[in-house]
$ cat entry_1.txt   # compact mmCIF, N, CA and C atoms and all ligand atoms
# COMPACT_ATOMS: atom_id res chain seq x y z
N MET A 161 -161.64 33.26 11.99
CA MET A 161 -160.93 32.10 11.42
C MET A 161 -161.82 31.42 10.38
N TRP A 162 -161.21 30.96 9.31
CA TRP A 162 -161.98 30.31 8.25
C TRP A 162 -162.02 28.79 8.48
N ARG A 163 -162.88 28.12 7.73
CA ARG A 163 -162.86 26.65 7.69
C ARG A 163 -162.73 26.20 6.25
N THR A 164 -162.04 25.10 6.05
CA THR A 164 -161.83 24.57 4.71
C THR A 164 -162.50 23.21 4.61
N GLU A 165 -163.20 22.97 3.52
CA GLU A 165 -163.84 21.67 3.36
C GLU A 165 -163.86 21.23 1.89
N ILE A 166 -163.99 19.91 1.71
CA ILE A 166 -164.20 19.37 0.37
C ILE A 166 -165.67 19.62 0.05
N VAL A 167 -165.95 20.14 -1.13
CA VAL A 167 -167.34 20.43 -1.49
C VAL A 167 -167.70 19.77 -2.82
N ASP A 168 -169.00 19.69 -3.05
CA ASP A 168 -169.51 19.15 -4.31
C ASP A 168 -169.66 20.34 -5.27
N GLY A 169 -168.81 20.36 -6.30
CA GLY A 169 -168.80 21.49 -7.24
C GLY A 169 -170.14 21.69 -7.93
N THR A 170 -170.93 20.62 -8.04
CA THR A 170 -172.23 20.75 -8.72
C THR A 170 -173.24 21.51 -7.86
N LYS A 171 -172.93 21.60 -6.56
CA LYS A 171 -173.89 22.26 -5.65
C LYS A 171 -173.51 23.70 -5.35
N LEU A 172 -172.34 24.12 -5.81
CA LEU A 172 -171.92 25.50 -5.51
C LEU A 172 -172.73 26.50 -6.33
N ASP A 173 -172.92 27.67 -5.78
CA ASP A 173 -173.61 28.75 -6.47
C ASP A 173 -172.61 29.39 -7.46
N VAL A 174 -172.89 29.25 -8.74
CA VAL A 174 -171.95 29.71 -9.76
C VAL A 174 -171.67 31.21 -9.62
N GLU A 175 -172.68 31.99 -9.29
CA GLU A 175 -172.48 33.45 -9.15
C GLU A 175 -171.55 33.77 -7.98
N GLU A 176 -171.69 33.01 -6.90
CA GLU A 176 -170.84 33.22 -5.73
C GLU A 176 -169.38 32.87 -6.07
N VAL A 177 -169.21 31.78 -6.82
CA VAL A 177 -167.85 31.38 -7.20
C VAL A 177 -167.27 32.39 -8.20
N ALA A 178 -168.10 32.86 -9.12
CA ALA A 178 -167.63 33.86 -10.09
C ALA A 178 -167.17 35.12 -9.35
N ALA A 179 -167.92 35.52 -8.34
CA ALA A 179 -167.55 36.71 -7.56
C ALA A 179 -166.20 36.49 -6.86
N LEU A 180 -165.97 35.28 -6.40
CA LEU A 180 -164.69 34.97 -5.75
C LEU A 180 -163.53 35.03 -6.77
N TYR A 181 -163.76 34.53 -7.98
CA TYR A 181 -162.71 34.60 -9.00
C TYR A 181 -162.37 36.06 -9.29
N VAL A 182 -163.38 36.91 -9.31
CA VAL A 182 -163.13 38.34 -9.53
C VAL A 182 -162.35 38.90 -8.34
N ALA A 183 -162.80 38.58 -7.13
CA ALA A 183 -162.18 39.13 -5.91
C ALA A 183 -160.74 38.65 -5.73
N SER A 184 -160.40 37.52 -6.34
CA SER A 184 -159.03 37.00 -6.21
C SER A 184 -158.11 37.52 -7.32
N THR A 185 -158.71 38.06 -8.38
CA THR A 185 -158.06 38.50 -9.65
C THR A 185 -157.92 37.36 -10.67
N LEU A 186 -158.23 36.13 -10.29
CA LEU A 186 -158.07 35.01 -11.24
C LEU A 186 -159.05 35.13 -12.41
N ALA A 187 -160.13 35.88 -12.22
CA ALA A 187 -161.10 36.07 -13.31
C ALA A 187 -160.46 36.69 -14.55
N GLU A 188 -159.35 37.39 -14.33
CA GLU A 188 -158.65 37.99 -15.48
C GLU A 188 -158.07 36.91 -16.40
N ARG A 189 -157.91 35.71 -15.88
CA ARG A 189 -157.26 34.64 -16.64
C ARG A 189 -158.14 33.42 -16.85
N ARG A 190 -159.40 33.52 -16.54
CA ARG A 190 -160.33 32.41 -16.72
C ARG A 190 -161.60 32.94 -17.39
N PRO A 191 -162.31 32.07 -18.16
CA PRO A 191 -163.50 32.57 -18.89
C PRO A 191 -164.72 32.71 -17.99
N VAL A 192 -164.59 33.52 -16.96
CA VAL A 192 -165.66 33.68 -15.98
C VAL A 192 -166.88 34.36 -16.61
N GLY A 193 -166.63 35.26 -17.56
CA GLY A 193 -167.74 35.98 -18.21
C GLY A 193 -168.60 35.07 -19.08
N ASP A 194 -168.04 33.97 -19.53
CA ASP A 194 -168.80 32.99 -20.30
C ASP A 194 -169.39 32.01 -19.27
N ARG A 195 -170.58 32.35 -18.78
CA ARG A 195 -171.14 31.60 -17.65
C ARG A 195 -171.41 30.13 -17.97
N LYS A 196 -171.72 29.84 -19.25
CA LYS A 196 -171.98 28.44 -19.61
C LYS A 196 -170.68 27.64 -19.42
N ARG A 197 -169.62 28.18 -19.95
CA ARG A 197 -168.33 27.48 -19.85
C ARG A 197 -167.84 27.43 -18.40
N PHE A 198 -167.99 28.54 -17.70
CA PHE A 198 -167.54 28.60 -16.31
C PHE A 198 -168.32 27.59 -15.45
N THR A 199 -169.62 27.48 -15.74
CA THR A 199 -170.45 26.51 -15.01
C THR A 199 -169.95 25.09 -15.28
N GLU A 200 -169.62 24.80 -16.52
CA GLU A 200 -169.10 23.46 -16.84
C GLU A 200 -167.78 23.20 -16.12
N MET A 201 -166.93 24.22 -16.06
CA MET A 201 -165.64 24.07 -15.36
C MET A 201 -165.87 23.67 -13.90
N LEU A 202 -166.87 24.27 -13.32
CA LEU A 202 -167.16 24.03 -11.91
C LEU A 202 -167.86 22.68 -11.70
N ARG A 203 -168.82 22.41 -12.56
CA ARG A 203 -169.62 21.18 -12.41
C ARG A 203 -168.79 19.92 -12.69
N ASN A 204 -167.83 20.02 -13.60
CA ASN A 204 -167.10 18.83 -14.02
C ASN A 204 -165.79 18.60 -13.28
N ALA A 205 -165.39 19.54 -12.46
CA ALA A 205 -164.22 19.30 -11.61
C ALA A 205 -164.64 18.23 -10.59
N ASN A 206 -163.74 17.30 -10.28
CA ASN A 206 -164.18 16.25 -9.34
C ASN A 206 -163.49 16.31 -7.98
N LEU A 207 -162.70 17.35 -7.77
CA LEU A 207 -162.16 17.57 -6.41
C LEU A 207 -162.12 19.08 -6.18
N VAL A 208 -163.07 19.54 -5.42
CA VAL A 208 -163.18 20.98 -5.18
C VAL A 208 -163.10 21.21 -3.66
N THR A 209 -162.25 22.15 -3.27
CA THR A 209 -162.23 22.53 -1.85
C THR A 209 -162.65 23.99 -1.75
N ALA A 210 -163.27 24.32 -0.64
CA ALA A 210 -163.72 25.70 -0.45
C ALA A 210 -163.36 26.15 0.95
N ALA A 211 -163.03 27.43 1.08
CA ALA A 211 -162.77 28.03 2.39
C ALA A 211 -163.86 29.06 2.66
N TYR A 212 -164.42 28.99 3.84
CA TYR A 212 -165.49 29.91 4.24
C TYR A 212 -165.10 30.66 5.50
N GLN A 213 -165.40 31.94 5.49
CA GLN A 213 -165.34 32.75 6.71
C GLN A 213 -166.80 32.97 7.07
N GLU A 214 -167.26 32.27 8.08
CA GLU A 214 -168.70 32.18 8.35
C GLU A 214 -169.38 31.72 7.07
N ASP A 215 -170.28 32.51 6.47
CA ASP A 215 -170.96 32.03 5.26
C ASP A 215 -170.32 32.55 3.97
N LEU A 216 -169.28 33.33 4.11
CA LEU A 216 -168.66 33.94 2.93
C LEU A 216 -167.61 33.02 2.32
N LEU A 217 -167.76 32.75 1.01
CA LEU A 217 -166.78 31.95 0.29
C LEU A 217 -165.54 32.82 0.05
N ILE A 218 -164.41 32.43 0.63
CA ILE A 218 -163.20 33.28 0.52
C ILE A 218 -162.08 32.61 -0.26
N GLY A 219 -162.23 31.31 -0.54
CA GLY A 219 -161.18 30.64 -1.30
C GLY A 219 -161.70 29.36 -1.93
N ILE A 220 -161.05 28.96 -3.01
CA ILE A 220 -161.47 27.74 -3.69
C ILE A 220 -160.29 27.09 -4.39
N SER A 221 -160.29 25.77 -4.45
CA SER A 221 -159.39 25.07 -5.36
C SER A 221 -160.27 24.16 -6.20
N ARG A 222 -159.89 24.05 -7.45
CA ARG A 222 -160.68 23.26 -8.40
C ARG A 222 -159.72 22.32 -9.11
N SER A 223 -159.94 21.00 -8.92
CA SER A 223 -159.01 20.02 -9.48
C SER A 223 -159.74 18.91 -10.23
N LEU A 224 -158.97 18.25 -11.09
CA LEU A 224 -159.40 17.01 -11.75
C LEU A 224 -158.45 15.93 -11.26
N THR A 225 -159.02 14.86 -10.68
CA THR A 225 -158.14 13.81 -10.15
C THR A 225 -158.63 12.42 -10.56
N ASP A 226 -157.69 11.48 -10.65
CA ASP A 226 -158.08 10.07 -10.84
C ASP A 226 -158.05 9.34 -9.50
N TRP A 227 -157.79 10.06 -8.42
CA TRP A 227 -157.78 9.58 -7.04
C TRP A 227 -156.66 8.57 -6.79
N SER A 228 -155.78 8.37 -7.76
CA SER A 228 -154.79 7.32 -7.60
C SER A 228 -153.37 7.78 -7.96
N TYR A 229 -153.25 8.47 -9.13
CA TYR A 229 -151.91 8.80 -9.61
C TYR A 229 -151.70 10.30 -9.79
N ALA A 230 -152.69 10.97 -10.37
CA ALA A 230 -152.47 12.37 -10.73
C ALA A 230 -153.65 13.26 -10.38
N THR A 231 -153.34 14.44 -9.92
CA THR A 231 -154.35 15.47 -9.67
C THR A 231 -153.92 16.73 -10.40
N TYR A 232 -154.76 17.20 -11.32
CA TYR A 232 -154.45 18.46 -11.99
C TYR A 232 -155.18 19.58 -11.26
N LEU A 233 -154.42 20.45 -10.67
CA LEU A 233 -155.00 21.60 -9.97
C LEU A 233 -155.26 22.70 -11.00
N CYS A 234 -156.51 22.84 -11.37
CA CYS A 234 -156.86 23.81 -12.43
C CYS A 234 -156.80 25.23 -11.90
N ASP A 235 -157.38 25.45 -10.75
CA ASP A 235 -157.49 26.82 -10.21
C ASP A 235 -157.30 26.82 -8.70
N LEU A 236 -156.63 27.85 -8.24
CA LEU A 236 -156.54 28.12 -6.80
C LEU A 236 -156.77 29.62 -6.66
N ALA A 237 -157.75 29.99 -5.89
CA ALA A 237 -158.09 31.42 -5.80
C ALA A 237 -158.51 31.78 -4.38
N VAL A 238 -157.94 32.86 -3.90
CA VAL A 238 -158.29 33.38 -2.57
C VAL A 238 -158.68 34.85 -2.72
N ASP A 239 -159.78 35.21 -2.13
CA ASP A 239 -160.25 36.61 -2.11
C ASP A 239 -159.10 37.50 -1.65
N ARG A 240 -158.83 38.59 -2.39
CA ARG A 240 -157.70 39.48 -2.06
C ARG A 240 -157.68 39.91 -0.59
N ARG A 241 -158.89 40.11 -0.02
CA ARG A 241 -158.98 40.58 1.36
C ARG A 241 -158.47 39.54 2.36
N PHE A 242 -158.37 38.27 1.89
CA PHE A 242 -157.97 37.19 2.80
C PHE A 242 -156.66 36.53 2.38
N GLN A 243 -155.97 37.13 1.41
CA GLN A 243 -154.72 36.53 0.98
C GLN A 243 -153.63 36.70 2.03
N ARG A 244 -152.64 35.82 1.92
CA ARG A 244 -151.46 35.82 2.81
C ARG A 244 -151.83 35.58 4.27
N GLN A 245 -152.89 34.79 4.48
CA GLN A 245 -153.26 34.40 5.84
C GLN A 245 -153.25 32.88 5.99
N GLY A 246 -152.77 32.19 4.95
CA GLY A 246 -152.71 30.72 5.02
C GLY A 246 -153.87 30.00 4.37
N VAL A 247 -154.81 30.73 3.77
CA VAL A 247 -155.99 30.09 3.18
C VAL A 247 -155.58 29.21 1.98
N GLY A 248 -154.75 29.75 1.09
CA GLY A 248 -154.32 28.99 -0.08
C GLY A 248 -153.60 27.71 0.31
N LYS A 249 -152.75 27.82 1.29
CA LYS A 249 -151.99 26.67 1.79
C LYS A 249 -152.95 25.61 2.34
N ASP A 250 -153.98 26.06 3.02
CA ASP A 250 -154.96 25.14 3.61
C ASP A 250 -155.79 24.44 2.51
N LEU A 251 -156.11 25.17 1.46
CA LEU A 251 -156.84 24.56 0.34
C LEU A 251 -155.96 23.50 -0.34
N LEU A 252 -154.67 23.79 -0.47
CA LEU A 252 -153.74 22.82 -1.05
C LEU A 252 -153.62 21.59 -0.15
N ARG A 253 -153.53 21.81 1.14
CA ARG A 253 -153.45 20.69 2.09
C ARG A 253 -154.68 19.80 1.97
N ALA A 254 -155.87 20.41 1.93
CA ALA A 254 -157.11 19.62 1.83
C ALA A 254 -157.16 18.84 0.52
N THR A 255 -156.66 19.45 -0.55
CA THR A 255 -156.63 18.78 -1.86
C THR A 255 -155.70 17.57 -1.80
N GLN A 256 -154.52 17.80 -1.24
CA GLN A 256 -153.53 16.72 -1.17
C GLN A 256 -154.03 15.58 -0.26
N GLU A 257 -154.66 15.92 0.84
CA GLU A 257 -155.15 14.89 1.77
C GLU A 257 -156.30 14.09 1.17
N ALA A 258 -157.08 14.73 0.27
CA ALA A 258 -158.22 14.03 -0.34
C ALA A 258 -157.77 12.98 -1.34
N ALA A 259 -156.58 13.16 -1.91
CA ALA A 259 -156.06 12.22 -2.90
C ALA A 259 -154.58 12.03 -2.61
N PRO A 260 -154.26 11.38 -1.47
CA PRO A 260 -152.89 11.43 -0.95
C PRO A 260 -151.84 10.70 -1.79
N THR A 261 -152.26 9.77 -2.66
CA THR A 261 -151.23 9.07 -3.46
C THR A 261 -150.97 9.76 -4.79
N THR A 262 -151.65 10.87 -5.02
CA THR A 262 -151.49 11.53 -6.32
C THR A 262 -150.44 12.64 -6.27
N LYS A 263 -149.90 12.87 -7.44
CA LYS A 263 -148.97 13.99 -7.64
C LYS A 263 -149.81 15.17 -8.09
N ILE A 264 -149.60 16.33 -7.51
CA ILE A 264 -150.37 17.51 -7.93
C ILE A 264 -149.59 18.24 -9.02
N ILE A 265 -150.29 18.50 -10.11
CA ILE A 265 -149.69 19.13 -11.29
C ILE A 265 -150.47 20.42 -11.56
N LEU A 266 -149.79 21.48 -11.93
CA LEU A 266 -150.51 22.72 -12.22
C LEU A 266 -149.71 23.61 -13.16
N LEU A 267 -150.42 24.57 -13.73
CA LEU A 267 -149.79 25.63 -14.51
C LEU A 267 -150.00 26.91 -13.72
N SER A 268 -148.94 27.55 -13.35
CA SER A 268 -149.08 28.74 -12.51
C SER A 268 -149.49 29.98 -13.31
N ALA A 269 -150.39 30.74 -12.72
CA ALA A 269 -150.68 32.07 -13.26
C ALA A 269 -149.47 32.96 -12.95
N PRO A 270 -149.22 33.97 -13.78
CA PRO A 270 -148.04 34.83 -13.52
C PRO A 270 -148.00 35.37 -12.10
N ALA A 271 -149.17 35.70 -11.55
CA ALA A 271 -149.20 36.29 -10.19
C ALA A 271 -148.77 35.30 -9.12
N ALA A 272 -148.67 34.02 -9.49
CA ALA A 272 -148.41 33.02 -8.45
C ALA A 272 -147.11 32.23 -8.70
N THR A 273 -146.28 32.70 -9.61
CA THR A 273 -145.07 31.92 -9.92
C THR A 273 -144.12 31.84 -8.72
N ASP A 274 -144.12 32.85 -7.87
CA ASP A 274 -143.26 32.79 -6.68
C ASP A 274 -143.95 32.08 -5.52
N TYR A 275 -145.26 31.91 -5.66
CA TYR A 275 -146.02 31.28 -4.58
C TYR A 275 -145.76 29.78 -4.50
N TYR A 276 -145.84 29.09 -5.64
CA TYR A 276 -145.78 27.62 -5.60
C TYR A 276 -144.46 27.08 -5.05
N PRO A 277 -143.29 27.63 -5.43
CA PRO A 277 -142.08 27.13 -4.78
C PRO A 277 -142.09 27.37 -3.27
N HIS A 278 -142.77 28.47 -2.88
CA HIS A 278 -142.82 28.83 -1.46
C HIS A 278 -143.63 27.81 -0.66
N VAL A 279 -144.58 27.12 -1.33
CA VAL A 279 -145.42 26.16 -0.60
C VAL A 279 -145.07 24.71 -1.00
N GLY A 280 -143.83 24.53 -1.49
CA GLY A 280 -143.31 23.17 -1.62
C GLY A 280 -143.31 22.57 -3.01
N PHE A 281 -143.82 23.29 -4.02
CA PHE A 281 -143.84 22.73 -5.37
C PHE A 281 -142.45 22.83 -6.01
N LYS A 282 -142.15 21.81 -6.83
CA LYS A 282 -140.91 21.84 -7.60
C LYS A 282 -141.23 22.18 -9.04
N GLN A 283 -140.44 23.02 -9.65
CA GLN A 283 -140.66 23.37 -11.05
C GLN A 283 -140.24 22.18 -11.91
N HIS A 284 -141.05 21.88 -12.94
CA HIS A 284 -140.76 20.75 -13.81
C HIS A 284 -140.26 21.29 -15.15
N ASN A 285 -139.11 20.81 -15.58
CA ASN A 285 -138.57 21.39 -16.82
C ASN A 285 -138.99 20.61 -18.06
N SER A 286 -139.95 19.67 -17.88
CA SER A 286 -140.41 18.92 -19.03
C SER A 286 -141.93 18.86 -19.07
N ALA A 287 -142.56 19.99 -18.77
CA ALA A 287 -144.02 20.05 -18.84
C ALA A 287 -144.40 20.55 -20.23
N TRP A 288 -145.43 19.96 -20.81
CA TRP A 288 -145.81 20.29 -22.18
C TRP A 288 -147.30 20.54 -22.26
N VAL A 289 -147.69 21.48 -23.10
CA VAL A 289 -149.09 21.86 -23.22
C VAL A 289 -149.48 21.84 -24.69
N LEU A 290 -150.62 21.23 -25.00
CA LEU A 290 -151.15 21.25 -26.36
C LEU A 290 -152.36 22.18 -26.35
N ASP A 291 -152.33 23.23 -27.14
CA ASP A 291 -153.41 24.19 -27.11
C ASP A 291 -154.71 23.57 -27.63
N PRO A 292 -155.87 24.10 -27.19
CA PRO A 292 -157.14 23.53 -27.65
C PRO A 292 -157.37 23.73 -29.14
N ILE A 293 -158.17 22.84 -29.73
CA ILE A 293 -158.52 22.97 -31.15
C ILE A 293 -159.40 24.20 -31.33
N GLU A 294 -160.33 24.38 -30.38
CA GLU A 294 -161.19 25.57 -30.38
C GLU A 294 -161.11 26.18 -29.01
N SER A 295 -161.32 27.49 -28.91
CA SER A 295 -161.40 28.04 -27.56
C SER A 295 -162.63 28.91 -27.40
C1 LIG A 301 -151.86 32.55 -5.13
C2 LIG A 301 -152.91 32.54 -4.02
C3 LIG A 301 -153.89 31.40 -4.26
C4 LIG A 301 -152.19 32.33 -2.66
O1 LIG A 301 -153.14 32.21 -1.64
P1 LIG A 301 -152.91 32.85 -0.20
O2 LIG A 301 -154.00 32.38 0.69
O3 LIG A 301 -152.73 34.31 -0.36
O4 LIG A 301 -151.51 32.22 0.21
P2 LIG A 301 -151.09 31.67 1.65
O5 LIG A 301 -151.55 32.63 2.69
O6 LIG A 301 -151.48 30.25 1.77
O7 LIG A 301 -149.52 31.78 1.53
C5 LIG A 301 -148.64 30.80 2.02
C6 LIG A 301 -147.25 31.37 1.99
O8 LIG A 301 -146.93 31.84 0.66
C7 LIG A 301 -146.64 33.25 0.69
N1 LIG A 301 -147.24 33.85 -0.50
C8 LIG A 301 -148.53 34.15 -0.73
N2 LIG A 301 -148.71 34.65 -1.96
C9 LIG A 301 -147.48 34.68 -2.51
C10 LIG A 301 -147.01 35.11 -3.79
N3 LIG A 301 -147.83 35.59 -4.74
N4 LIG A 301 -145.69 35.01 -4.03
C11 LIG A 301 -144.84 34.50 -3.10
N5 LIG A 301 -145.24 34.06 -1.88
C12 LIG A 301 -146.54 34.17 -1.59
C13 LIG A 301 -147.28 33.74 1.96
O9 LIG A 301 -146.67 34.92 2.41
C14 LIG A 301 -147.08 32.57 2.89
O10 LIG A 301 -145.75 32.57 3.35
P3 LIG A 301 -145.34 31.95 4.79
O11 LIG A 301 -145.86 30.52 4.81
O12 LIG A 301 -143.86 32.03 4.76
O13 LIG A 301 -146.01 32.80 5.80
C15 LIG A 301 -153.65 33.88 -3.93
O14 LIG A 301 -152.75 34.93 -3.76
C16 LIG A 301 -154.50 34.20 -5.16
O15 LIG A 301 -155.68 33.85 -5.20
N6 LIG A 301 -153.90 34.89 -6.15
C17 LIG A 301 -154.61 35.33 -7.35
C18 LIG A 301 -155.09 34.19 -8.20
C19 LIG A 301 -153.97 33.32 -8.70
O16 LIG A 301 -153.02 33.79 -9.30
N7 LIG A 301 -154.10 32.00 -8.44
C20 LIG A 301 -153.17 31.01 -8.88
C21 LIG A 301 -153.70 30.37 -10.12
S1 LIG A 301 -152.57 29.16 -10.73
$ encode --input "entry_1.txt" --output "structure tokens" --more "lines below"
Ligand SMILES: CC(C)(COP(=O)(O)OP(=O)(O)OC[C@H]1O[C@@H](n2cnc3c(N)ncnc32)[C@H](O)[C@@H]1OP(=O)(O)O)[C@@H](O)C(=O)NCCC(=O)NCCS
Amino acid sequence: MWRTEIVDGTKLDVEEVAALYVASTLAERRPVGDRKRFTEMLRNANLVTAAYQEDLLIGISRSLTDWSYATYLCDLAVDRRFQRQGVGKDLLRATQEAAPTTKIILLSAPAATDYYPHVGFKQHNSAWVLDPIES
């Protein structure tokens, strides 16, 4: 059985988290190979949850929150070997409980478009994205 906890993103081992992104397949859609940028993504997120099976990192959620109104869930990733066992749901629960008055907002990766409605999310027909000036 795994355990889920709120963690300090600045203290996580970037290589361990990068390995998890690869193991979950999310690395295909995030700049994990650019370690400087990936490190900033991890260090500057202010609500990070992690799931561990003993000492092995098997899942992570990475969010930006104002602790009051809105939480942007940037990434949710579970090691393929541990998917469909409730780990993702538990990471979402821990995120929601950490900032209970906030609305969780996210952009789904294609692999997860059927997942979010399954765990209670409603699709928003008025979400808008402005692409970065530089990438
Ligand atoms: C999407 C992801 C985080 C889900 O995590 P998970 O731990 O496998 O999901 P859970 O075990 O919490 O699943 C909860 C429920 O959703 C279902 N489910 C899981 N993945 C699903 C999917 N891709 N599509 C539809 N339903 C899914 C489970 O069967 C389970 O159903 P149940 O409650 O009826 O038993 C995980 O599959 C993952 O890391 N995927 C690759 C990375 C990715 O795309 N992340 C999303 C970025 S936005």
$ residues_near_ligand --input "entry_1.txt" --ligand "ligand LIG 301 (chain A)" --cutoff "5 Å" --atoms "all atoms listed in the file" --output "list in words"
Ser184, Thr185, Leu186, Leu236, Ala237, Val238, Gln243, Arg244, Gln245, Gly246, Val247, Gly248, Lys249, Leu267, Ser268, Ala269, Ala271, Ala272, Asp274 and Tyr275 of chain A
$ residues_around --input "entry_1.txt" --residues "segment 212-228 of chain A" --least-positions-apart "3" --cutoff "5 Å" --atoms "all atoms listed in the file" --output "ChimeraX atom specification"
/A:162-163,205-209,231-239,261-262
$ closest_residue --input "entry_1.txt" --among "A:Pro270, A:Asn204, A:Asn285, A:Val279" --to "Glu188 of chain A" --atoms "only C-alpha atoms"
A:Pro270
$ closest_residue --input "entry_1.txt" --among "A:Leu202, A:Ala254, A:Ile264, A:Ala211" --to "Thr170 of chain A" --atoms "only C-alpha atoms"
A:Leu202
$ atom_distance --input "entry_1.txt" --atom1 "atom CA of Arg240 of chain A" --atom2 "atom N of Ala183 of chain A"
7.2 Å
$ atom_distance --input "entry_1.txt" --atom1 "atom C of Asp291 of chain A" --atom2 "atom CA of Tyr181 of chain A"
23.1 Å
$ select_by_dssp --input "entry_1.txt" --residues "chain A" --states "strand (DSSP E)" --output "PyMOL selection string"
chain A and resi 163-167+207-213+216-225+230-238+263-266
$ select_by_dssp --input "entry_1.txt" --residues "segment 161-293 of chain A" --states "helix (DSSP H, G or I)" --output "PyMOL selection string"
chain A and resi 169-171+174-184+186-189+195-204+240-242+247-258+270-272+275-278
$ atom_distance --input "entry_1.txt" --atom1 "atom CA of Pro191 of chain A" --atom2 "atom CA of Pro292 of chain A"
14.1 Å
$ residues_near_point --input "entry_1.txt" --point "(-164.8, 34.2, -16.4)" --cutoff "12 Å" --atoms "only C-alpha atoms" --output "MDAnalysis selection string"
chainID A and resid 174:175 177:183 185:202
